[in-house]
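Asker: So I've got this file, work-v5.txt, and it contains compact mmCIF, C-alpha atoms:
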# COMPACT_ATOMS: atom_id res chain seq x y z
CA MET A 63 81.99 92.84 99.53
CA ARG A 64 82.94 89.85 97.43
CA VAL A 65 86.39 88.36 97.87
CA ALA A 66 86.83 88.30 94.09
CA ARG A 67 86.52 92.06 93.92
CA ARG A 68 89.09 92.51 96.66
CA ARG A 69 91.51 90.49 94.57
CA VAL A 70 90.99 92.86 91.66
CA LEU A 71 92.30 95.74 93.75
CA GLY A 72 95.42 93.83 94.62
CA GLY A 73 95.82 92.13 91.28
CA ALA A 74 98.83 92.51 89.03
CA LEU A 75 97.40 93.40 85.64
CA GLY A 76 99.95 96.20 85.21
CA GLY A 77 101.48 97.43 81.99
CA VAL A 78 100.10 98.67 78.75
CA ALA A 79 100.47 95.21 77.19
CA ALA A 80 97.93 93.84 79.67
CA LEU A 81 95.71 96.84 79.15
CA ALA A 82 95.81 96.43 75.40
CA LEU A 83 95.05 92.74 75.73
CA ALA A 84 92.06 93.54 77.90
CA ALA A 85 90.79 96.43 75.83
CA CYS A 86 91.23 95.46 72.18
CA GLY A 87 89.81 92.90 69.84
CA GLY A 88 86.33 93.08 71.36
CA VAL A 89 87.29 90.52 74.01
CA ALA A 90 85.70 90.83 77.44
CA THR A 91 88.45 90.01 79.89
CA PRO A 92 87.36 89.10 83.42
CA THR A 93 89.21 90.92 86.20
CA GLY A 94 88.01 89.25 89.36
CA GLY A 95 84.32 90.14 89.19
CA VAL A 96 84.59 93.19 86.91
CA THR A 97 84.73 92.66 83.16
CA VAL A 98 86.27 94.93 80.55
CA PRO A 99 83.44 95.51 78.06
CA PRO A 100 83.93 94.49 74.43
CA THR A 101 85.13 97.43 72.37
CA ALA A 102 83.14 98.83 69.47
CA PRO A 103 84.33 97.78 66.00
CA GLY A 104 87.13 99.99 64.72
CA THR A 105 88.24 101.15 68.15
CA PRO A 106 91.97 102.03 68.09
CA GLY A 107 94.29 100.42 70.59
CA PRO A 108 95.06 102.27 73.82
CA GLN A 109 98.10 104.56 73.78
CA ARG A 110 100.54 105.06 76.62
CA VAL A 111 101.51 108.72 77.03
CA ALA A 112 104.09 109.91 79.56
CA TYR A 113 103.62 113.18 81.41
CA GLY A 114 106.86 112.94 83.40
CA PRO A 115 110.07 110.90 83.74
CA ASP A 116 109.03 108.62 86.62
CA PRO A 117 107.75 105.14 85.64
CA SER A 118 104.43 105.99 87.29
CA GLN A 119 104.03 109.32 85.50
CA TYR A 120 101.97 108.21 82.53
CA GLY A 121 98.42 107.60 81.44
CA VAL A 122 96.66 105.41 78.92
CA LEU A 123 94.62 107.21 76.29
CA HIS A 124 91.51 105.49 74.97
CA LEU A 125 89.80 106.89 71.87
CA PRO A 126 86.47 105.97 70.31
CA PRO A 127 86.28 104.56 66.79
CA GLY A 128 86.24 106.90 63.82
CA ASN A 129 88.13 110.04 62.92
CA GLY A 130 85.81 112.58 64.48
CA ARG A 131 87.16 115.70 66.14
CA ALA A 132 86.03 117.77 69.13
CA LEU A 133 85.94 114.67 71.32
CA PRO A 134 84.84 115.23 74.92
CA VAL A 135 87.32 113.89 77.48
CA VAL A 136 86.94 112.11 80.79
CA VAL A 137 89.98 111.98 83.08
CA VAL A 138 89.74 108.62 84.88
CA VAL A 139 91.57 108.34 88.23
CA HIS A 140 91.74 104.98 89.98
CA GLY A 141 91.54 104.25 93.68
CA GLY A 142 93.28 101.85 96.03
CA TYR A 143 93.89 104.10 99.05
CA TRP A 144 96.78 105.83 97.24
CA ARG A 145 98.95 102.69 97.65
CA ALA A 146 101.41 101.31 95.14
CA ALA A 147 99.73 97.89 95.09
CA TYR A 148 96.87 99.29 93.01
CA GLY A 149 97.13 100.66 89.50
CA LEU A 150 95.28 102.17 86.58
CA GLU A 151 94.03 98.82 85.35
CA LEU A 152 91.13 99.51 87.73
CA GLY A 153 90.03 102.30 85.42
CA THR A 154 90.27 100.32 82.19
CA PRO A 155 86.69 98.95 82.18
CA LEU A 156 85.34 102.47 82.67
CA ALA A 157 87.58 103.95 79.98
CA VAL A 158 86.49 101.32 77.46
CA ASP A 159 82.82 101.79 78.26
CA LEU A 160 83.15 105.55 77.78
CA THR A 161 84.89 105.18 74.42
CA ASN A 162 82.08 102.92 73.28
CA ARG A 163 79.84 105.95 73.77
CA GLY A 164 82.02 108.31 71.75
CA ILE A 165 84.01 109.82 74.61
CA ALA A 166 87.80 109.94 74.91
CA ALA A 167 89.19 108.65 78.21
CA TRP A 168 92.54 109.60 79.76
CA ASN A 169 93.20 106.89 82.36
CA VAL A 170 95.85 108.29 84.69
CA GLU A 171 98.56 106.63 86.73
CA TYR A 172 100.41 108.52 89.46
CA ARG A 173 103.04 107.98 92.12
CA ARG A 174 101.52 106.21 95.09
CA VAL A 175 102.54 105.61 98.69
CA GLY A 176 105.29 103.01 98.66
CA ALA A 177 106.54 104.01 95.21
CA GLY A 178 107.58 107.63 95.54
CA GLY A 179 104.11 108.98 96.22
CA GLY A 180 102.46 110.72 99.14
CA TRP A 181 102.48 114.42 99.89
CA PRO A 182 102.99 116.31 97.64
CA ALA A 183 104.09 114.00 94.82
CA THR A 184 100.75 112.24 94.35
CA PHE A 185 99.01 115.59 94.02
CA THR A 186 101.51 117.22 91.70
CA ASP A 187 101.39 114.10 89.52
CA LEU A 188 97.64 114.34 89.07
CA ALA A 189 97.92 118.05 88.34
CA ALA A 190 100.61 117.37 85.72
CA ALA A 191 98.58 114.56 84.16
CA VAL A 192 95.55 116.82 83.78
CA ASP A 193 97.62 119.73 82.51
CA ALA A 194 99.16 117.43 79.87
CA LEU A 195 95.80 117.26 78.09
CA PRO A 196 96.42 120.31 75.86
CA GLY A 197 99.99 119.17 75.22
CA ALA A 198 101.23 115.60 74.87
CA VAL A 199 97.82 113.98 75.20
CA ASP A 200 96.07 116.05 72.55
CA GLN A 201 99.11 115.70 70.30
CA ALA A 202 98.73 111.92 70.54
CA THR A 203 95.22 112.30 69.12
CA GLY A 204 96.21 114.63 66.29
CA GLY A 205 94.41 117.54 67.97
CA ARG A 206 91.03 115.85 68.27
CA LEU A 207 90.16 116.67 71.89
CA ASP A 208 87.58 119.25 72.92
CA LEU A 209 89.24 120.72 76.00
CA ASP A 210 86.17 122.80 76.76
CA ARG A 211 84.39 119.54 77.61
CA VAL A 212 86.48 117.78 80.23
CA VAL A 213 85.04 115.82 83.16
CA PHE A 214 87.04 114.44 86.10
CA LEU A 215 86.00 110.95 87.27
CA GLY A 216 87.59 109.21 90.25
CA HIS A 217 86.90 106.22 92.47
CA SER A 218 87.68 105.97 96.19
CA ALA A 219 91.14 107.54 96.65
CA GLY A 220 90.75 108.68 93.05
CA GLY A 221 87.55 110.39 94.14
CA GLN A 222 89.60 112.37 96.63
CA LEU A 223 92.10 113.28 93.94
CA VAL A 224 89.50 114.49 91.44
CA GLY A 225 87.65 116.34 94.19
CA TRP A 226 90.92 118.10 94.98
CA ALA A 227 91.64 118.73 91.29
CA ALA A 228 88.17 120.23 90.87
CA SER A 229 89.17 122.99 93.31
CA ARG A 230 92.73 123.67 92.15
CA GLU A 231 91.71 127.20 91.20
CA ARG A 232 91.19 127.90 94.90
CA LEU A 233 94.78 127.08 95.80
CA ASP A 234 97.14 129.96 96.49
CA ALA A 235 100.08 130.50 94.16
CA GLY A 236 102.96 128.22 95.09
CA ALA A 237 100.75 125.51 96.63
CA PRO A 238 101.08 122.04 95.10
CA GLY A 239 98.77 121.87 92.10
CA ALA A 240 98.04 125.60 91.88
CA ASP A 241 97.48 127.39 88.55
CA PRO A 242 95.55 124.70 86.61
CA GLN A 243 95.83 124.70 82.84
CA VAL A 244 92.63 122.70 82.32
CA ARG A 245 89.30 123.41 83.99
CA PRO A 246 86.61 120.73 84.06
CA VAL A 247 82.96 121.30 83.26
CA GLY A 248 82.21 118.98 86.16
CA THR A 249 83.51 116.26 88.45
CA VAL A 250 82.06 112.89 89.45
CA SER A 251 83.30 111.20 92.61
CA GLN A 252 82.66 107.47 92.95
CA ALA A 253 82.63 106.58 96.66
CA GLY A 254 85.37 109.15 97.23
CA VAL A 255 87.38 109.85 100.36
CA LEU A 256 86.40 113.50 100.36
CA ASP A 257 86.95 114.58 103.97
CA LEU A 258 90.51 113.66 104.85
CA VAL A 259 90.30 114.88 108.45
CA ALA A 260 87.33 112.60 109.07
CA GLY A 261 89.03 109.85 107.07
CA ALA A 262 92.07 110.01 109.31
CA ALA A 263 89.86 109.88 112.42
CA GLN A 264 87.98 106.90 110.97
CA ASP A 265 91.30 105.17 110.22
CA LEU A 266 90.15 104.47 106.69
CA GLY A 267 92.31 101.96 104.88
CA GLY A 268 94.23 101.19 108.06
CA GLY A 269 95.99 104.55 108.24
CA ALA A 270 95.93 105.29 104.52
CA VAL A 271 95.13 108.97 104.96
CA THR A 272 97.95 109.62 107.43
CA ASP A 273 100.30 107.65 105.20
CA LEU A 274 99.34 109.84 102.25
CA LEU A 275 99.85 113.14 104.07
CA GLY A 276 102.70 112.11 106.35
CA GLY A 277 100.91 112.60 109.64
CA ALA A 278 97.69 113.13 111.53
CA PRO A 279 95.61 116.33 111.22
CA ASP A 280 96.97 117.77 114.45
CA ARG A 281 100.56 117.37 113.20
CA VAL A 282 100.28 118.51 109.57
CA ALA A 283 97.11 120.57 109.56
CA ASP A 284 98.35 122.70 106.67
CA ARG A 285 98.51 119.64 104.41
CA TYR A 286 94.96 118.63 105.22
CA ALA A 287 93.80 122.16 104.43
CA LEU A 288 95.47 121.96 101.01
CA ALA A 289 94.54 118.36 100.19
CA SER A 290 91.06 117.63 101.51
CA PRO A 291 88.30 118.34 98.98
CA THR A 292 85.92 119.28 101.78
CA ALA A 293 88.33 122.02 102.86
CA LEU A 294 88.43 123.45 99.32
CA VAL A 295 84.73 123.93 98.63
CA PRO A 296 83.08 125.21 96.61
CA ALA A 297 84.50 123.83 93.39
CA PRO A 298 83.95 126.22 90.47
CA ALA A 299 82.04 123.59 88.44
CA PRO A 300 79.37 121.08 89.50
CA VAL A 301 80.32 118.00 91.52
CA VAL A 302 78.24 114.83 91.72
CA CYS A 303 79.03 112.23 94.38
CA VAL A 304 77.79 108.71 93.65
CA HIS A 305 77.97 106.37 96.63
CA GLY A 306 76.45 102.99 97.49
CA ASP A 307 74.67 102.67 100.82
CA ALA A 308 76.20 99.19 101.30
CA ASP A 309 79.78 100.51 101.04
CA THR A 310 81.89 99.12 103.90
CA VAL A 311 85.24 100.40 102.56
CA VAL A 312 84.55 104.13 102.34
CA PRO A 313 81.52 105.14 104.42
CA LEU A 314 78.66 107.02 102.81
CA ASP A 315 79.18 109.92 105.22
CA GLN A 316 82.33 110.85 103.28
CA SER A 317 80.18 111.95 100.34
CA GLN A 318 77.52 113.38 102.64
CA ARG A 319 80.09 115.59 104.40
CA TYR A 320 81.41 116.94 101.12
CA VAL A 321 78.02 117.76 99.66
CA ALA A 322 76.88 119.44 102.87
CA ALA A 323 80.04 121.56 103.01
CA ALA A 324 79.83 122.48 99.32
CA ARG A 325 76.20 123.52 99.55
CA ALA A 326 76.88 125.53 102.70
CA ALA A 327 79.52 127.37 100.64
CA ARG A 328 76.94 127.93 97.85
CA GLY A 329 78.52 125.34 95.59
CA ASP A 330 76.79 123.10 93.06
CA ALA A 331 77.07 119.60 94.58
CA GLN A 332 74.75 116.61 94.50
CA LEU A 333 74.71 113.23 96.20
CA GLN A 334 73.29 110.22 94.41
CA VAL A 335 72.96 107.21 96.71
CA VAL A 336 72.75 103.81 95.02
CA PRO A 337 70.71 101.40 97.18
CA GLY A 338 72.44 98.11 97.90
CA ALA A 339 75.65 99.02 96.06
CA ASP A 340 79.01 98.18 97.61
CA HIS A 341 82.31 100.00 97.14
CA PHE A 342 83.14 98.34 93.83
CA ALA A 343 79.73 98.42 92.14
CA VAL A 344 80.39 101.96 90.92
CA ILE A 345 83.37 100.76 88.84
CA ASP A 346 81.63 97.70 87.41
CA PRO A 347 80.19 98.48 83.94
CA ALA A 348 77.78 95.55 84.36
CA HIS A 349 76.27 96.98 87.57
CA PRO A 350 73.41 99.53 87.60
CA ALA A 351 75.56 101.76 89.82
CA TRP A 352 77.87 102.43 86.87
CA ALA A 353 74.89 103.53 84.80
CA THR A 354 74.23 106.17 87.46
CA VAL A 355 77.84 107.32 87.27
CA ARG A 356 77.88 107.36 83.48
CA ALA A 357 74.65 109.35 83.32
CA ALA A 358 76.19 111.97 85.60
CA VAL A 359 79.28 112.19 83.38
CA GLU A 360 77.30 112.42 80.16
CA GLY A 361 75.01 115.03 81.67
CA MET A 362 78.01 117.25 82.34
CA LEU A 363 79.33 116.77 78.82
In structure tokens, how does this file's structure come out?
Answerer:
Amino acid sequence: MRVARRRVLGGALGGVAALALAACGGVATPTGGVTVPPTAPGTPGPQRVAYGPDPSQYGVLHLPPGNGRALPVVVVVHGGYWRAAYGLELGTPLAVDLTNRGIAAWNVEYRRVGAGGGWPATFTDLAAAVDALPGAVDQATGGRLDLDRVVFLGHSAGGQLVGWAASRERLDAGAPGADPQVRPVGTVSQAGVLDLVAGAAQDLGGGAVTDLLGGAPDRVADRYALASPTALVPAPAPVVCVHGDADTVVPLDQSQRYVAAARAARGDAQLQVVPGADHFAVIDPAHPAWATVRAAVEGML
């Protein structure tokens, strides 16, 4: 893993002003080893849309050029081990690349550990951000979104969140995130933390899983049962897990465990291993690993 990429995860690019600077005018802005692609001519500037009153309850909407309607939508969820040091700027290169291919991207921020997040706030935030698609988000587009073609895309901790969101229909009434208003046609996890019990045992992120859920599996087992994607299989729609075999941040067995559990439950789940790819290759539009991710997304749409 290159030091430059580690700095990206801890970098302070925050705020829509920085996002707009990075994403408009066709300027490729370097972000510590990952570059925001140049935008296609005529691409509108990104729009900040709030889905709640907290400063972290917002997303940035990226639209492709033109006035076309029935735009497919990808919900982009960033990683960073659910910690407040990392923000949605990590998803900006992916959002821009998707809009260059005619796809709308809803790049979501959420409350993270250290800034009001953790159980259940982080989860209810993601649910609210997704459920805002037919409301405030579509209104911001003038009703241009095709909400029958929505894909969830998440990296690392964001992979856990989209894996959880993919199975919200399985949650009992009253559970955090139950009763989804938007159902994806598919979900793509990029090096996701998909088995939280194993993640806690592996001490991933130096205790990041136990920080998220407020305890170890033997203390808050009910939370792990409601939060871990592997515990919520099968998802109603297909799930593709893309993972590099050189990933030293989130081990490959996280995706392997999920796919095995989903298939055992008769779910539609696939694992695509990218040889030689590290943890950050899957969020680098210049790396072949991103082409694998993008192909999975476009195949679902």
Asker: Can you write out as CSV which residues of segment 210-292 of chain A fall within 9 Å of segment 122-145 of chain A, alongside each residue's closest atom pair and its distance in Å to one decimal, counting only C-alpha atoms and ordering rows by chain and ascending residue number?
Answerer:
residue,atom,partner,partner_atom,distance
A:Asp210,CA,A:Pro134,CA,7.9
A:Arg211,CA,A:Pro134,CA,5.1
A:Val212,CA,A:Val135,CA,4.8
A:Val213,CA,A:Val136,CA,4.8
A:Phe214,CA,A:Val137,CA,4.9
A:Leu215,CA,A:Val138,CA,5.0
A:Gly216,CA,A:Val139,CA,4.5
A:His217,CA,A:Gly141,CA,5.2
A:Ser218,CA,A:Gly141,CA,4.9
A:Ala219,CA,A:Gly141,CA,4.5
A:Gly220,CA,A:Gly141,CA,4.5
A:Gly221,CA,A:Gly141,CA,7.3
A:Gln222,CA,A:Gly141,CA,8.9
A:Leu223,CA,A:Val139,CA,7.6
A:Val224,CA,A:Val139,CA,7.2
A:Gly254,CA,A:Gly141,CA,8.6
A:Val255,CA,A:Tyr143,CA,8.8
A:Leu266,CA,A:Tyr143,CA,8.5
A:Gly267,CA,A:Tyr143,CA,6.4
A:Ala270,CA,A:Tyr143,CA,6.0
A:Val271,CA,A:Tyr143,CA,7.8
A:Asp273,CA,A:Trp144,CA,8.9
A:Leu274,CA,A:Trp144,CA,6.9
Asker: Would you export the selected residues with C-alpha atoms as a short mmCIF file (atom, residue, chain, number, x, y, z; two decimals), in the frame of the given file, please?
Answerer:
data_model
loop_
_atom_site.label_atom_id
_atom_site.label_comp_id
_atom_site.auth_asym_id
_atom_site.auth_seq_id
_atom_site.Cartn_x
_atom_site.Cartn_y
_atom_site.Cartn_z
CA ASP A 210 86.17 122.80 76.76
CA ARG A 211 84.39 119.54 77.61
CA VAL A 212 86.48 117.78 80.23
CA VAL A 213 85.04 115.82 83.16
CA PHE A 214 87.04 114.44 86.10
CA LEU A 215 86.00 110.95 87.27
CA GLY A 216 87.59 109.21 90.25
CA HIS A 217 86.90 106.22 92.47
CA SER A 218 87.68 105.97 96.19
CA ALA A 219 91.14 107.54 96.65
CA GLY A 220 90.75 108.68 93.05
CA GLY A 221 87.55 110.39 94.14
CA GLN A 222 89.60 112.37 96.63
CA LEU A 223 92.10 113.28 93.94
CA VAL A 224 89.50 114.49 91.44
CA GLY A 254 85.37 109.15 97.23
CA VAL A 255 87.38 109.85 100.36
CA LEU A 266 90.15 104.47 106.69
CA GLY A 267 92.31 101.96 104.88
CA ALA A 270 95.93 105.29 104.52
CA VAL A 271 95.13 108.97 104.96
CA ASP A 273 100.30 107.65 105.20
CA LEU A 274 99.34 109.84 102.25
#
Asker: For Asp330 of chain A, which of A:Val359, A:Leu294, A:Leu207, A:Val302 is the closest residue, counting all atoms listed in the file?
Answerer: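 Of A:Val359, A:Leu294, A:Leu207, A:Val302, the one nearest Asp330 of chain A, counting all atoms listed in the file, is A:Val302.
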Asker: I'd like the interatomic distance between atom CA of Asp257 of chain A and atom CA of Ala299 of chain A, to a tenth of an Å.
Answerer: 18.6 Å
Asker: With distances taken over all atoms listed in the file, which of A:Gly338, A:Gly114, A:Pro313, A:Pro106 is nearest to Ala198 of chain A?
Answerer: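 Looking only at the distances to Ala198 of chain A, the closest residue turns out to be A:Gly114.
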Asker: Might you pull out every residue within 7 Å of segment 155-159 of chain A, with only C-alpha atoms counted and same-chain residues fewer than 6 positions away left off, and present them as a list in words?
Answerer: Ala85, Thr97, Val98, Pro99, Thr101, His124, Ala167, Asn169, Ile345 and Pro347 of chain A
Asker: Kindly give the distance, in Å, that separates atom CA of Asp234 of chain A and atom CA of Arg173 of chain A, rounded to a single decimal.
Answerer: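 So the two atoms, atom CA of Asp234 of chain A and atom CA of Arg173 of chain A, lie 23.2 Å apart.
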Asker: So which one's closest to Pro196 of chain A, A:Ala322, A:Gly239, A:Asp265, A:Tyr113? Using all atoms listed in the file, please.
Answerer: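 Counting all atoms listed in the file, the residue closest to Pro196 of chain A is A:Tyr113.
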Asker: Which one is closest to Asp208 of chain A: A:Leu152, A:Gly121, A:Ala339, A:Leu363? Count only C-alpha atoms.
Answerer: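 So, comparing all the options, the nearest one is A:Leu363.
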Asker: Just the number, please: distance in Å from atom CA of Leu209 of chain A to atom CA of Leu195 of chain A, one decimal.
Answerer: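 Separating atom CA of Leu209 of chain A from atom CA of Leu195 of chain A is a distance of 7.7 Å.
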Asker: Complete the atoms of segment 300-311 of chain A to all heavy atoms and put them out as a PDB file, keeping the file's coordinate frame.
Answerer:
ATOM      1  N   PRO A 300      80.178 122.033  88.742  1.00  0.00           N
ATOM      2  CA  PRO A 300      79.370 121.080  89.500  1.00  0.00           C
ATOM      3  C   PRO A 300      80.130 119.808  89.872  1.00  0.00           C
ATOM      4  O   PRO A 300      81.002 119.334  89.138  1.00  0.00           O
ATOM      5  CB  PRO A 300      78.217 120.747  88.536  1.00  0.00           C
ATOM      6  CG  PRO A 300      78.130 121.923  87.625  1.00  0.00           C
ATOM      7  CD  PRO A 300      79.537 122.402  87.451  1.00  0.00           C
ATOM      8  N   VAL A 301      79.763 119.264  91.034  1.00  0.00           N
ATOM      9  CA  VAL A 301      80.320 118.000  91.520  1.00  0.00           C
ATOM     10  C   VAL A 301      79.152 117.081  91.867  1.00  0.00           C
ATOM     11  O   VAL A 301      78.214 117.480  92.557  1.00  0.00           O
ATOM     12  CB  VAL A 301      81.202 118.206  92.762  1.00  0.00           C
ATOM     13  CG1 VAL A 301      81.699 116.851  93.286  1.00  0.00           C
ATOM     14  CG2 VAL A 301      82.378 119.122  92.453  1.00  0.00           C
ATOM     15  N   VAL A 302      79.225 115.857  91.370  1.00  0.00           N
ATOM     16  CA  VAL A 302      78.240 114.830  91.720  1.00  0.00           C
ATOM     17  C   VAL A 302      78.972 113.711  92.434  1.00  0.00           C
ATOM     18  O   VAL A 302      79.993 113.197  91.942  1.00  0.00           O
ATOM     19  CB  VAL A 302      77.526 114.275  90.466  1.00  0.00           C
ATOM     20  CG1 VAL A 302      76.620 113.106  90.837  1.00  0.00           C
ATOM     21  CG2 VAL A 302      76.709 115.372  89.794  1.00  0.00           C
ATOM     22  N   CYS A 303      78.466 113.338  93.599  1.00  0.00           N
ATOM     23  CA  CYS A 303      79.030 112.230  94.380  1.00  0.00           C
ATOM     24  C   CYS A 303      78.082 111.045  94.286  1.00  0.00           C
ATOM     25  O   CYS A 303      76.913 111.148  94.682  1.00  0.00           O
ATOM     26  CB  CYS A 303      79.205 112.639  95.837  1.00  0.00           C
ATOM     27  SG  CYS A 303      80.265 114.067  96.101  1.00  0.00           S
ATOM     28  N   VAL A 304      78.581 109.940  93.753  1.00  0.00           N
ATOM     29  CA  VAL A 304      77.790 108.710  93.650  1.00  0.00           C
ATOM     30  C   VAL A 304      78.355 107.727  94.671  1.00  0.00           C
ATOM     31  O   VAL A 304      79.561 107.446  94.666  1.00  0.00           O
ATOM     32  CB  VAL A 304      77.834 108.115  92.238  1.00  0.00           C
ATOM     33  CG1 VAL A 304      76.968 106.857  92.159  1.00  0.00           C
ATOM     34  CG2 VAL A 304      77.370 109.142  91.205  1.00  0.00           C
ATOM     35  N   HIS A 305      77.493 107.205  95.525  1.00  0.00           N
ATOM     36  CA  HIS A 305      77.970 106.370  96.630  1.00  0.00           C
ATOM     37  C   HIS A 305      76.927 105.307  96.940  1.00  0.00           C
ATOM     38  O   HIS A 305      75.732 105.605  97.009  1.00  0.00           O
ATOM     39  CB  HIS A 305      78.193 107.243  97.875  1.00  0.00           C
ATOM     40  CG  HIS A 305      79.331 106.810  98.731  1.00  0.00           C
ATOM     41  ND1 HIS A 305      80.371 107.641  99.086  1.00  0.00           N
ATOM     42  CD2 HIS A 305      79.616 105.612  99.317  1.00  0.00           C
ATOM     43  CE1 HIS A 305      81.228 107.006  99.858  1.00  0.00           C
ATOM     44  NE2 HIS A 305      80.790 105.759 100.011  1.00  0.00           N
ATOM     45  N   GLY A 306      77.356 104.069  97.099  1.00  0.00           N
ATOM     46  CA  GLY A 306      76.450 102.990  97.490  1.00  0.00           C
ATOM     47  C   GLY A 306      76.200 103.003  98.983  1.00  0.00           C
ATOM     48  O   GLY A 306      77.113 103.268  99.772  1.00  0.00           O
ATOM     49  N   ASP A 307      74.962 102.673  99.382  1.00  0.00           N
ATOM     50  CA  ASP A 307      74.670 102.670 100.820  1.00  0.00           C
ATOM     51  C   ASP A 307      75.089 101.375 101.500  1.00  0.00           C
ATOM     52  O   ASP A 307      74.941 101.240 102.718  1.00  0.00           O
ATOM     53  CB  ASP A 307      73.201 102.984 101.073  1.00  0.00           C
ATOM     54  CG  ASP A 307      72.229 101.938 100.539  1.00  0.00           C
ATOM     55  OD1 ASP A 307      72.676 100.884 100.022  1.00  0.00           O
ATOM     56  OD2 ASP A 307      71.006 102.168 100.633  1.00  0.00           O
ATOM     57  N   ALA A 308      75.657 100.426 100.716  1.00  0.00           N
ATOM     58  CA  ALA A 308      76.200  99.190 101.300  1.00  0.00           C
ATOM     59  C   ALA A 308      77.725  99.202 101.268  1.00  0.00           C
ATOM     60  O   ALA A 308      78.358  98.151 101.382  1.00  0.00           O
ATOM     61  CB  ALA A 308      75.662  97.974 100.552  1.00  0.00           C
ATOM     62  N   ASP A 309      78.325 100.375 101.120  1.00  0.00           N
ATOM     63  CA  ASP A 309      79.780 100.510 101.040  1.00  0.00           C
ATOM     64  C   ASP A 309      80.380 100.353 102.438  1.00  0.00           C
ATOM     65  O   ASP A 309      80.092 101.135 103.346  1.00  0.00           O
ATOM     66  CB  ASP A 309      80.130 101.883 100.471  1.00  0.00           C
ATOM     67  CG  ASP A 309      81.593 102.012 100.064  1.00  0.00           C
ATOM     68  OD1 ASP A 309      82.455 101.367 100.701  1.00  0.00           O
ATOM     69  OD2 ASP A 309      81.871 102.763  99.119  1.00  0.00           O
ATOM     70  N   THR A 310      81.222  99.344 102.619  1.00  0.00           N
ATOM     71  CA  THR A 310      81.890  99.120 103.900  1.00  0.00           C
ATOM     72  C   THR A 310      83.375  99.486 103.846  1.00  0.00           C
ATOM     73  O   THR A 310      84.096  99.279 104.814  1.00  0.00           O
ATOM     74  CB  THR A 310      81.760  97.643 104.334  1.00  0.00           C
ATOM     75  OG1 THR A 310      82.348  96.802 103.333  1.00  0.00           O
ATOM     76  CG2 THR A 310      80.301  97.254 104.520  1.00  0.00           C
ATOM     77  N   VAL A 311      83.827 100.017 102.715  1.00  0.00           N
ATOM     78  CA  VAL A 311      85.240 100.400 102.560  1.00  0.00           C
ATOM     79  C   VAL A 311      85.409 101.900 102.780  1.00  0.00           C
ATOM     80  O   VAL A 311      86.278 102.336 103.530  1.00  0.00           O
ATOM     81  CB  VAL A 311      85.750  99.983 101.164  1.00  0.00           C
ATOM     82  CG1 VAL A 311      87.203 100.420 100.970  1.00  0.00           C
ATOM     83  CG2 VAL A 311      85.623  98.480 100.983  1.00  0.00           C
TER      84      VAL A 311
END
